[in-house]
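Chemist: Structure file input11.pdb (PDB, C-alpha atoms, pLDDT in the B column) is given on the next line.
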```
ATOM      1  CA  MET X   1      22.061  -7.807 -21.892  1.00 40.00           C
ATOM      2  CA  PRO X   2      19.322  -7.871 -19.226  1.00 43.00           C
ATOM      3  CA  TRP X   3      15.948  -9.325 -20.147  1.00 42.00           C
ATOM      4  CA  TRP X   4      14.175  -5.988 -19.648  1.00 42.00           C
ATOM      5  CA  SER X   5      14.358  -3.346 -22.290  1.00 41.00           C
ATOM      6  CA  TRP X   6      15.486   0.225 -21.853  1.00 43.00           C
ATOM      7  CA  ARG X   7      12.711   2.793 -22.016  1.00 42.00           C
ATOM      8  CA  PRO X   8      12.901   6.583 -21.990  1.00 45.00           C
ATOM      9  CA  GLY X   9      12.851   7.866 -18.445  1.00 45.00           C
ATOM     10  CA  SER X  10      14.497   4.753 -16.997  1.00 42.00           C
ATOM     11  CA  ALA X  11      17.344   4.984 -14.526  1.00 46.00           C
ATOM     12  CA  ALA X  12      19.812   4.231 -17.330  1.00 44.00           C
ATOM     13  CA  SER X  13      18.950   7.500 -19.066  1.00 42.00           C
ATOM     14  CA  ASN X  14      20.111   9.444 -16.005  1.00 43.00           C
ATOM     15  CA  ALA X  15      23.408   7.583 -15.606  1.00 43.00           C
ATOM     16  CA  PRO X  16      26.640   9.589 -15.244  1.00 43.00           C
ATOM     17  CA  GLU X  17      29.218   9.613 -17.993  1.00 44.00           C
ATOM     18  CA  ALA X  18      31.277   6.436 -18.434  1.00 44.00           C
ATOM     19  CA  GLU X  19      34.373   7.721 -16.586  1.00 47.00           C
ATOM     20  CA  ASP X  20      32.422   8.416 -13.394  1.00 49.00           C
ATOM     21  CA  ASP X  21      30.142   5.401 -13.742  1.00 47.00           C
ATOM     22  CA  PRO X  22      31.162   2.324 -11.657  1.00 43.00           C
ATOM     23  CA  ALA X  23      29.140   0.120 -14.056  1.00 46.00           C
ATOM     24  CA  ALA X  24      31.362   1.269 -16.930  1.00 45.00           C
ATOM     25  CA  ARG X  25      34.422   0.123 -14.964  1.00 45.00           C
ATOM     26  CA  GLY X  26      32.911  -3.347 -14.504  1.00 48.00           C
ATOM     27  CA  THR X  27      31.579  -2.968 -10.957  1.00 47.00           C
ATOM     28  CA  VAL X  28      28.108  -1.999  -9.886  1.00 44.00           C
ATOM     29  CA  ARG X  29      27.310  -0.423  -6.524  1.00 44.00           C
ATOM     30  CA  VAL X  30      23.751  -0.833  -5.452  1.00 47.00           C
ATOM     31  CA  GLY X  31      22.467   1.707  -2.956  1.00 50.00           C
ATOM     32  CA  VAL X  32      19.886   0.887  -0.349  1.00 48.00           C
ATOM     33  CA  PRO X  33      16.670   2.827  -0.966  1.00 51.00           C
ATOM     34  CA  ALA X  34      15.373   4.994   1.841  1.00 54.00           C
ATOM     35  CA  GLN X  35      12.470   3.540   3.770  1.00 51.00           C
ATOM     36  CA  ARG X  36       9.099   5.052   2.933  1.00 52.00           C
ATOM     37  CA  GLU X  37       6.734   6.401   5.499  1.00 59.00           C
ATOM     38  CA  PRO X  38       3.702   4.129   5.949  1.00 56.00           C
ATOM     39  CA  SER X  39       0.476   5.421   4.490  1.00 58.00           C
ATOM     40  CA  ARG X  40      -1.954   7.130   6.812  1.00 61.00           C
ATOM     41  CA  LEU X  41      -5.064   5.032   6.363  1.00 60.00           C
ATOM     42  CA  PRO X  42      -7.823   4.971   8.968  1.00 62.00           C
ATOM     43  CA  VAL X  43      -6.901   2.631  11.815  1.00 60.00           C
ATOM     44  CA  PRO X  44      -9.484  -0.045  12.620  1.00 60.00           C
ATOM     45  CA  VAL X  45     -10.881   0.137  16.158  1.00 59.00           C
ATOM     46  CA  GLU X  46      -9.169  -3.126  17.140  1.00 56.00           C
ATOM     47  CA  ALA X  47      -5.750  -1.645  16.260  1.00 53.00           C
ATOM     48  CA  ALA X  48      -6.470   1.527  18.217  1.00 56.00           C
ATOM     49  CA  ASN X  49      -6.925  -0.612  21.353  1.00 59.00           C
ATOM     50  CA  GLU X  50      -3.420  -2.020  20.781  1.00 63.00           C
ATOM     51  CA  GLU X  51      -4.620  -5.610  20.607  1.00 65.00           C
ATOM     52  CA  PRO X  52      -2.734  -7.741  18.106  1.00 67.00           C
ATOM     53  CA  GLU X  53      -4.571  -7.999  14.817  1.00 76.00           C
ATOM     54  CA  VAL X  54      -5.858 -11.379  13.836  1.00 88.00           C
ATOM     55  CA  VAL X  55      -5.185 -12.785  10.400  1.00 92.00           C
ATOM     56  CA  ALA X  56      -8.513 -14.035   9.086  1.00 94.00           C
ATOM     57  CA  PRO X  57      -9.958 -15.166   5.754  1.00 95.00           C
ATOM     58  CA  VAL X  58     -11.124 -12.380   3.474  1.00 95.00           C
ATOM     59  CA  THR X  59     -14.904 -12.179   3.176  1.00 95.00           C
ATOM     60  CA  LEU X  60     -17.305  -9.747   1.531  1.00 95.00           C
ATOM     61  CA  THR X  61     -18.317  -8.563   4.992  1.00 94.00           C
ATOM     62  CA  ARG X  62     -14.706  -7.645   5.797  1.00 95.00           C
ATOM     63  CA  ILE X  63     -14.320  -5.974   2.389  1.00 96.00           C
ATOM     64  CA  GLY X  64     -17.477  -3.941   3.065  1.00 96.00           C
ATOM     65  CA  LYS X  65     -16.183  -2.835   6.476  1.00 96.00           C
ATOM     66  CA  ALA X  66     -12.838  -1.799   4.941  1.00 96.00           C
ATOM     67  CA  LEU X  67     -14.621   0.167   2.195  1.00 96.00           C
ATOM     68  CA  ASP X  68     -16.648   1.909   4.914  1.00 95.00           C
ATOM     69  CA  LEU X  69     -13.397   2.884   6.675  1.00 95.00           C
ATOM     70  CA  LEU X  70     -12.188   4.377   3.389  1.00 95.00           C
ATOM     71  CA  ASP X  71     -15.483   6.268   2.905  1.00 95.00           C
ATOM     72  CA  ILE X  72     -16.118   4.405  -0.347  1.00 95.00           C
ATOM     73  CA  ARG X  73     -19.854   3.987  -0.824  1.00 95.00           C
ATOM     74  CA  PHE X  74     -20.896   0.748  -2.481  1.00 95.00           C
ATOM     75  CA  LEU X  75     -23.858  -1.434  -3.413  1.00 94.00           C
ATOM     76  CA  ALA X  76     -24.128  -5.181  -2.870  1.00 92.00           C
ATOM     77  CA  ASP X  77     -25.316  -6.900  -6.032  1.00 85.00           C
ATOM     78  CA  GLY X  78     -26.688  -9.976  -4.246  1.00 82.00           C
ATOM     79  CA  GLY X  79     -24.380 -12.223  -6.263  1.00 83.00           C
ATOM     80  CA  GLY X  80     -21.327 -11.946  -4.049  1.00 85.00           C
ATOM     81  CA  SER X  81     -19.906  -8.650  -5.293  1.00 94.00           C
ATOM     82  CA  LEU X  82     -19.726  -5.072  -4.085  1.00 96.00           C
ATOM     83  CA  LEU X  83     -19.936  -2.239  -6.604  1.00 95.00           C
ATOM     84  CA  ALA X  84     -18.616   1.280  -6.014  1.00 96.00           C
ATOM     85  CA  MET X  85     -19.400   3.998  -8.548  1.00 95.00           C
ATOM     86  CA  TRP X  86     -17.642   7.239  -9.348  1.00 94.00           C
ATOM     87  CA  GLU X  87     -18.413   9.931 -11.924  1.00 94.00           C
ATOM     88  CA  ARG X  88     -16.495   8.295 -14.786  1.00 95.00           C
ATOM     89  CA  HIS X  89     -16.124   4.673 -13.688  1.00 95.00           C
ATOM     90  CA  ALA X  90     -17.218   1.839 -11.432  1.00 96.00           C
ATOM     91  CA  VAL X  91     -15.143  -0.673  -9.471  1.00 96.00           C
ATOM     92  CA  LEU X  92     -16.326  -4.178  -8.668  1.00 96.00           C
ATOM     93  CA  PHE X  93     -14.881  -5.705  -5.481  1.00 97.00           C
ATOM     94  CA  THR X  94     -15.353  -9.460  -5.283  1.00 96.00           C
ATOM     95  CA  LEU X  95     -13.794 -12.765  -4.308  1.00 96.00           C
ATOM     96  CA  GLU X  96     -13.020 -15.379  -6.951  1.00 95.00           C
ATOM     97  CA  GLY X  97     -11.226 -18.694  -7.142  1.00 93.00           C
ATOM     98  CA  PRO X  98     -12.210 -22.204  -6.047  1.00 93.00           C
ATOM     99  CA  ASP X  99     -12.347 -21.174  -2.369  1.00 92.00           C
ATOM    100  CA  ASP X 100     -13.103 -17.448  -2.819  1.00 93.00           C
ATOM    101  CA  GLU X 101      -9.487 -16.775  -1.889  1.00 95.00           C
ATOM    102  CA  ILE X 102      -8.615 -14.235  -4.605  1.00 96.00           C
ATOM    103  CA  LEU X 103      -9.497 -10.586  -3.996  1.00 97.00           C
ATOM    104  CA  VAL X 104     -10.464  -9.058  -7.355  1.00 96.00           C
ATOM    105  CA  MET X 105     -10.872  -5.347  -8.029  1.00 97.00           C
ATOM    106  CA  ARG X 106     -12.176  -4.734 -11.549  1.00 97.00           C
ATOM    107  CA  ALA X 107     -12.595  -1.175 -12.846  1.00 96.00           C
ATOM    108  CA  ARG X 108     -14.683  -0.235 -15.869  1.00 96.00           C
ATOM    109  CA  PRO X 109     -15.052   3.262 -17.286  1.00 96.00           C
ATOM    110  CA  HIS X 110     -18.655   4.181 -18.064  1.00 95.00           C
ATOM    111  CA  SER X 111     -17.569   5.236 -21.587  1.00 94.00           C
ATOM    112  CA  THR X 112     -17.060   2.595 -24.239  1.00 95.00           C
ATOM    113  CA  VAL X 113     -15.194   2.506 -27.532  1.00 95.00           C
ATOM    114  CA  PRO X 114     -16.816   2.120 -30.974  1.00 95.00           C
ATOM    115  CA  PRO X 115     -15.804  -1.053 -32.841  1.00 94.00           C
ATOM    116  CA  ASP X 116     -13.921   0.892 -35.540  1.00 95.00           C
ATOM    117  CA  TRP X 117     -11.539   2.109 -32.762  1.00 94.00           C
ATOM    118  CA  ALA X 118     -10.635  -1.447 -31.739  1.00 94.00           C
ATOM    119  CA  ASP X 119      -7.026  -1.214 -32.993  1.00 96.00           C
ATOM    120  CA  ARG X 120      -6.500   2.050 -31.139  1.00 94.00           C
ATOM    121  CA  ALA X 121      -8.082   0.590 -27.982  1.00 95.00           C
ATOM    122  CA  TYR X 122      -5.672  -2.364 -28.040  1.00 95.00           C
ATOM    123  CA  ARG X 123      -2.677  -0.061 -28.548  1.00 95.00           C
ATOM    124  CA  VAL X 124      -3.721   2.196 -25.656  1.00 94.00           C
ATOM    125  CA  VAL X 125      -4.383  -0.766 -23.332  1.00 95.00           C
ATOM    126  CA  ASN X 126      -1.004  -2.278 -24.252  1.00 95.00           C
ATOM    127  CA  GLU X 127       0.695   1.038 -23.498  1.00 94.00           C
ATOM    128  CA  TRP X 128      -0.886   1.115 -20.026  1.00 94.00           C
ATOM    129  CA  ASN X 129       0.159  -2.494 -19.357  1.00 94.00           C
ATOM    130  CA  HIS X 130       3.697  -1.830 -20.552  1.00 93.00           C
ATOM    131  CA  THR X 131       4.229   1.244 -18.382  1.00 91.00           C
ATOM    132  CA  ARG X 132       2.258   0.398 -15.215  1.00 85.00           C
ATOM    133  CA  ARG X 133       2.638  -2.258 -12.566  1.00 81.00           C
ATOM    134  CA  PHE X 134      -0.827  -2.404 -11.026  1.00 82.00           C
ATOM    135  CA  CYS X 135      -4.197  -2.991 -12.639  1.00 89.00           C
ATOM    136  CA  LYS X 136      -3.683  -4.801 -15.886  1.00 95.00           C
ATOM    137  CA  ALA X 137      -5.985  -3.452 -18.570  1.00 95.00           C
ATOM    138  CA  TYR X 138      -7.852  -5.259 -21.318  1.00 96.00           C
ATOM    139  CA  VAL X 139     -10.521  -4.682 -23.950  1.00 96.00           C
ATOM    140  CA  GLY X 140     -13.725  -6.569 -23.198  1.00 95.00           C
ATOM    141  CA  ASP X 141     -16.182  -8.344 -25.477  1.00 95.00           C
ATOM    142  CA  PRO X 142     -18.629  -6.115 -27.372  1.00 94.00           C
ATOM    143  CA  THR X 143     -21.713  -5.004 -25.459  1.00 94.00           C
ATOM    144  CA  GLU X 144     -25.303  -5.425 -26.706  1.00 94.00           C
ATOM    145  CA  ARG X 145     -24.850  -2.097 -28.545  1.00 95.00           C
ATOM    146  CA  ASN X 146     -21.666  -3.438 -30.183  1.00 95.00           C
ATOM    147  CA  GLN X 147     -19.415  -1.079 -28.163  1.00 96.00           C
ATOM    148  CA  LEU X 148     -16.114  -2.197 -26.625  1.00 96.00           C
ATOM    149  CA  PRO X 149     -15.770  -1.826 -22.846  1.00 96.00           C
ATOM    150  CA  ILE X 150     -12.335  -1.228 -21.316  1.00 96.00           C
ATOM    151  CA  TYR X 151     -11.355  -2.861 -18.020  1.00 97.00           C
ATOM    152  CA  ALA X 152      -8.494  -2.722 -15.529  1.00 96.00           C
ATOM    153  CA  GLU X 153      -8.145  -5.504 -13.000  1.00 96.00           C
ATOM    154  CA  LEU X 154      -6.081  -6.209  -9.908  1.00 94.00           C
ATOM    155  CA  GLN X 155      -6.074  -9.701  -8.379  1.00 95.00           C
ATOM    156  CA  VAL X 156      -4.493 -10.546  -5.037  1.00 95.00           C
ATOM    157  CA  PRO X 157      -4.402 -14.162  -3.814  1.00 95.00           C
ATOM    158  CA  LEU X 158      -5.189 -14.204  -0.092  1.00 95.00           C
ATOM    159  CA  ALA X 159      -5.650 -17.903   0.725  1.00 94.00           C
ATOM    160  CA  ALA X 160      -3.603 -17.410   3.913  1.00 93.00           C
ATOM    161  CA  GLY X 161      -5.911 -14.584   4.993  1.00 94.00           C
ATOM    162  CA  THR X 162      -4.929 -11.080   6.042  1.00 94.00           C
ATOM    163  CA  HIS X 163      -5.384  -8.607   8.848  1.00 93.00           C
ATOM    164  CA  ASP X 164      -7.764  -5.645   8.573  1.00 94.00           C
ATOM    165  CA  ALA X 165      -5.111  -2.951   7.996  1.00 94.00           C
ATOM    166  CA  LEU X 166      -3.592  -4.773   5.007  1.00 94.00           C
ATOM    167  CA  LEU X 167      -7.006  -5.466   3.494  1.00 96.00           C
ATOM    168  CA  THR X 168      -7.893  -1.778   3.839  1.00 96.00           C
ATOM    169  CA  GLU X 169      -4.622  -0.751   2.213  1.00 95.00           C
ATOM    170  CA  LEU X 170      -5.125  -3.159  -0.703  1.00 95.00           C
ATOM    171  CA  LEU X 171      -8.630  -1.827  -1.347  1.00 96.00           C
ATOM    172  CA  ASP X 172      -7.408   1.767  -1.132  1.00 95.00           C
ATOM    173  CA  CYS X 173      -4.645   0.991  -3.632  1.00 93.00           C
ATOM    174  CA  GLY X 174      -7.091  -0.679  -6.032  1.00 95.00           C
ATOM    175  CA  ALA X 175      -9.545   2.220  -5.891  1.00 95.00           C
ATOM    176  CA  ALA X 176      -6.775   4.811  -6.359  1.00 94.00           C
ATOM    177  CA  VAL X 177      -5.202   3.018  -9.321  1.00 94.00           C
ATOM    178  CA  ALA X 178      -8.622   2.540 -10.923  1.00 95.00           C
ATOM    179  CA  THR X 179      -9.191   6.296 -10.766  1.00 94.00           C
ATOM    180  CA  SER X 180      -5.736   6.979 -12.250  1.00 93.00           C
ATOM    181  CA  PHE X 181      -6.426   4.465 -15.032  1.00 94.00           C
ATOM    182  CA  VAL X 182      -9.688   6.131 -16.026  1.00 95.00           C
ATOM    183  CA  ASP X 183      -8.151   9.612 -15.806  1.00 94.00           C
ATOM    184  CA  TRP X 184      -5.262   8.392 -17.990  1.00 93.00           C
ATOM    185  CA  LEU X 185      -7.684   6.956 -20.594  1.00 94.00           C
ATOM    186  CA  HIS X 186      -9.433  10.328 -20.814  1.00 93.00           C
ATOM    187  CA  ASP X 187      -6.241  12.418 -20.865  1.00 91.00           C
ATOM    188  CA  GLU X 188      -2.912  10.911 -21.974  1.00 90.00           C
ATOM    189  CA  GLY X 189      -4.402   7.757 -23.465  1.00 84.00           C
ATOM    190  CA  ALA X 190      -6.868   9.885 -25.483  1.00 83.00           C
ATOM    191  CA  LEU X 191      -9.192   6.918 -25.876  1.00 87.00           C
ATOM    192  CA  LEU X 192     -12.342   8.018 -24.057  1.00 78.00           C
TER
END
```
Write out the structure in this file as structure tokens.

Modeler:
Amino acid sequence: MPWWSWRPGSAASNAPEAEDDPAARGTVRVGVPAQREPSRLPVPVEAANEEPEVVAPVTLTRIGKALDLLDIRFLADGGGSLLAMWERHAVLFTLEGPDDEILVMRARPHSTVPPDWADRAYRVVNEWNHTRRFCKAYVGDPTERNQLPIYAELQVPLAAGTHDALLTELLDCGAAVATSFVDWLHDEGALL
């Protein structure tokens, strides 16, 4: 038995009947997935000139330039973080770790949860974490008004540095997943 559990909607639920299934006969044939088309993010000026991109350490300045390329407006908090705000949530972009080598994208919906909904909040957050790969969610400590904030966080260690196109793609992914998380909390998660 594999270490992962079967869930509704998994590939196993769409398997052919045992007679036609190679796995049922004791052999498994693994197909090669088709290659995906690369995303169409804005190309930094350096790449447009066809010069090889340089791998460099990630800094807040580079993060700010990548956010500008993505048309994500942000504020600098003066403490080493950039904050982008949307209608229902905000995303903090920062660097953490002993050498500021970990890119952190932390989303927080503007809405909070009353303390008597704590059990429900933990169940909803666990459901997100169980069914999603990116942005792990958690329930934060109570605010001054004794409300529970909900967070989703994505951390990427980049001690070796990165080139501009990859940094832009990581930030785009973090912002997109943060929006999906907040939309999910309001709709399917029915928490906010």

Chemist: Could you state which residues are captured by the PyMOL selection byres ((chain X and resi 178) around 10) in this file, as a ChimeraX atom specification?

Modeler: /X:89-91,105-109,134-135,151-154,172-177,179-184

Chemist: Let me make sure I understand: among X:Trp117, X:Tyr122, X:Trp86, X:Phe93, which one has the smallest atom-to-atom distance to Gln155 of chain X if we use only C-alpha atoms?

Modeler: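 Among the listed residues, the smallest separation from Gln155 of chain X belongs to X:Phe93.
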
Chemist: Go through X:Ala84, X:Val113, X:Ala76, X:Leu185 one by one, measure the shortest atom-to-atom distance of each to Pro149 of chain X using only C-alpha atoms, and give the residue with the smallest value.

Modeler: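 Closest candidate: X:Val113.
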
Chemist: Using atom CA of Ile72 of chain X and atom CA of Glu96 of chain X as the two end points, give the distance in Å to one decimal.

Modeler: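 Taking atom CA of Ile72 of chain X as the start and atom CA of Glu96 of chain X as the end point, the length is 21.1 Å.
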
Chemist: What does the structure give for the distance between atom CA of Leu69 of chain X and atom CA of Ala137 of chain X, in Å to one decimal?

Modeler: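 According to the coordinates, atom CA of Leu69 of chain X and atom CA of Ala137 of chain X are separated by 27.1 Å.
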
Chemist: When you draw a straight line from atom CA of Asp71 of chain X to atom CA of Leu167 of chain X, how long is it in Å?

Modeler: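 Straight-line distance from atom CA of Asp71 of chain X to atom CA of Leu167 of chain X works out to 14.5 Å.
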
Chemist: Which of these, X:Gly189, X:Gly80, X:Ala118, X:Ile102, has the shortest distance to Ala160 of chain X once you count all atoms listed in the file?

Modeler: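 Selected residue with least distance to Ala160 of chain X: X:Ile102.
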
Chemist: I'd like the residues picked by the PyMOL selection byres ((chain X and resi 52-63) around 12) written out as a ChimeraX atom specification, using the chain letters and numbers from the file.

Modeler: /X:43-51,64-70,72-84,92-96,99-105,156-172

Chemist: For segment 100-125 of chain X, where the input has fewer atoms than it should, I would like N, CA and C atoms rebuilt and written as a tab-separated table (two decimals), in the coordinates of the input.

Modeler:
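Result saved to part-v2.tsv:
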```
chain	number	residue	atom	x	y	z
X	100	ASP	N	-12.93	-18.90	-3.02
X	100	ASP	CA	-13.10	-17.45	-2.82
X	100	ASP	C	-11.90	-16.85	-2.09
X	101	GLU	N	-10.71	-17.22	-2.54
X	101	GLU	CA	-9.49	-16.77	-1.89
X	101	GLU	C	-8.76	-15.67	-2.65
X	102	ILE	N	-9.27	-15.26	-3.80
X	102	ILE	CA	-8.62	-14.24	-4.61
X	102	ILE	C	-9.45	-12.96	-4.57
X	103	LEU	N	-8.85	-11.90	-4.01
X	103	LEU	CA	-9.50	-10.59	-4.00
X	103	LEU	C	-9.35	-9.98	-5.39
X	104	VAL	N	-10.47	-9.63	-6.01
X	104	VAL	CA	-10.46	-9.06	-7.36
X	104	VAL	C	-11.08	-7.67	-7.29
X	105	MET	N	-10.36	-6.71	-7.88
X	105	MET	CA	-10.87	-5.35	-8.03
X	105	MET	C	-10.86	-5.05	-9.52
X	106	ARG	N	-12.04	-4.90	-10.10
X	106	ARG	CA	-12.18	-4.73	-11.55
X	106	ARG	C	-12.83	-3.39	-11.84
X	107	ALA	N	-12.09	-2.51	-12.51
X	107	ALA	CA	-12.60	-1.18	-12.85
X	107	ALA	C	-13.09	-1.17	-14.28
X	108	ARG	N	-14.16	-0.41	-14.51
X	108	ARG	CA	-14.68	-0.24	-15.87
X	108	ARG	C	-15.15	1.20	-16.04
X	109	PRO	N	-14.54	1.92	-16.98
X	109	PRO	CA	-15.05	3.26	-17.29
X	109	PRO	C	-16.48	3.16	-17.81
X	110	HIS	N	-17.29	4.17	-17.55
X	110	HIS	CA	-18.66	4.18	-18.06
X	110	HIS	C	-18.65	4.32	-19.59
X	111	SER	N	-17.67	5.05	-20.13
X	111	SER	CA	-17.57	5.24	-21.59
X	111	SER	C	-17.07	3.96	-22.25
X	112	THR	N	-17.52	3.74	-23.45
X	112	THR	CA	-17.06	2.60	-24.24
X	112	THR	C	-16.44	3.09	-25.53
X	113	VAL	N	-15.91	2.16	-26.30
X	113	VAL	CA	-15.19	2.51	-27.53
X	113	VAL	C	-15.96	1.91	-28.72
X	114	PRO	N	-16.14	2.68	-29.79
X	114	PRO	CA	-16.82	2.12	-30.97
X	114	PRO	C	-15.95	1.03	-31.61
X	115	PRO	N	-16.56	0.07	-32.28
X	115	PRO	CA	-15.80	-1.05	-32.84
X	115	PRO	C	-14.73	-0.63	-33.85
X	116	ASP	N	-14.93	0.48	-34.57
X	116	ASP	CA	-13.92	0.89	-35.54
X	116	ASP	C	-12.69	1.49	-34.86
X	117	TRP	N	-12.71	1.65	-33.53
X	117	TRP	CA	-11.54	2.11	-32.76
X	117	TRP	C	-10.84	0.95	-32.06
X	118	ALA	N	-11.19	-0.27	-32.43
X	118	ALA	CA	-10.64	-1.45	-31.74
X	118	ALA	C	-9.11	-1.45	-31.76
X	119	ASP	N	-8.49	-1.20	-32.92
X	119	ASP	CA	-7.03	-1.21	-32.99
X	119	ASP	C	-6.43	-0.18	-32.05
X	120	ARG	N	-6.99	1.01	-32.04
X	120	ARG	CA	-6.50	2.05	-31.14
X	120	ARG	C	-6.68	1.64	-29.68
X	121	ALA	N	-7.82	1.03	-29.35
X	121	ALA	CA	-8.08	0.59	-27.98
X	121	ALA	C	-7.03	-0.43	-27.53
X	122	TYR	N	-6.69	-1.38	-28.40
X	122	TYR	CA	-5.67	-2.36	-28.04
X	122	TYR	C	-4.30	-1.72	-27.86
X	123	ARG	N	-3.96	-0.75	-28.70
X	123	ARG	CA	-2.68	-0.06	-28.55
X	123	ARG	C	-2.62	0.71	-27.23
X	124	VAL	N	-3.69	1.41	-26.89
X	124	VAL	CA	-3.72	2.20	-25.66
X	124	VAL	C	-3.64	1.27	-24.43
X	125	VAL	N	-4.40	0.19	-24.44
X	125	VAL	CA	-4.38	-0.77	-23.33
X	125	VAL	C	-2.99	-1.38	-23.19
```
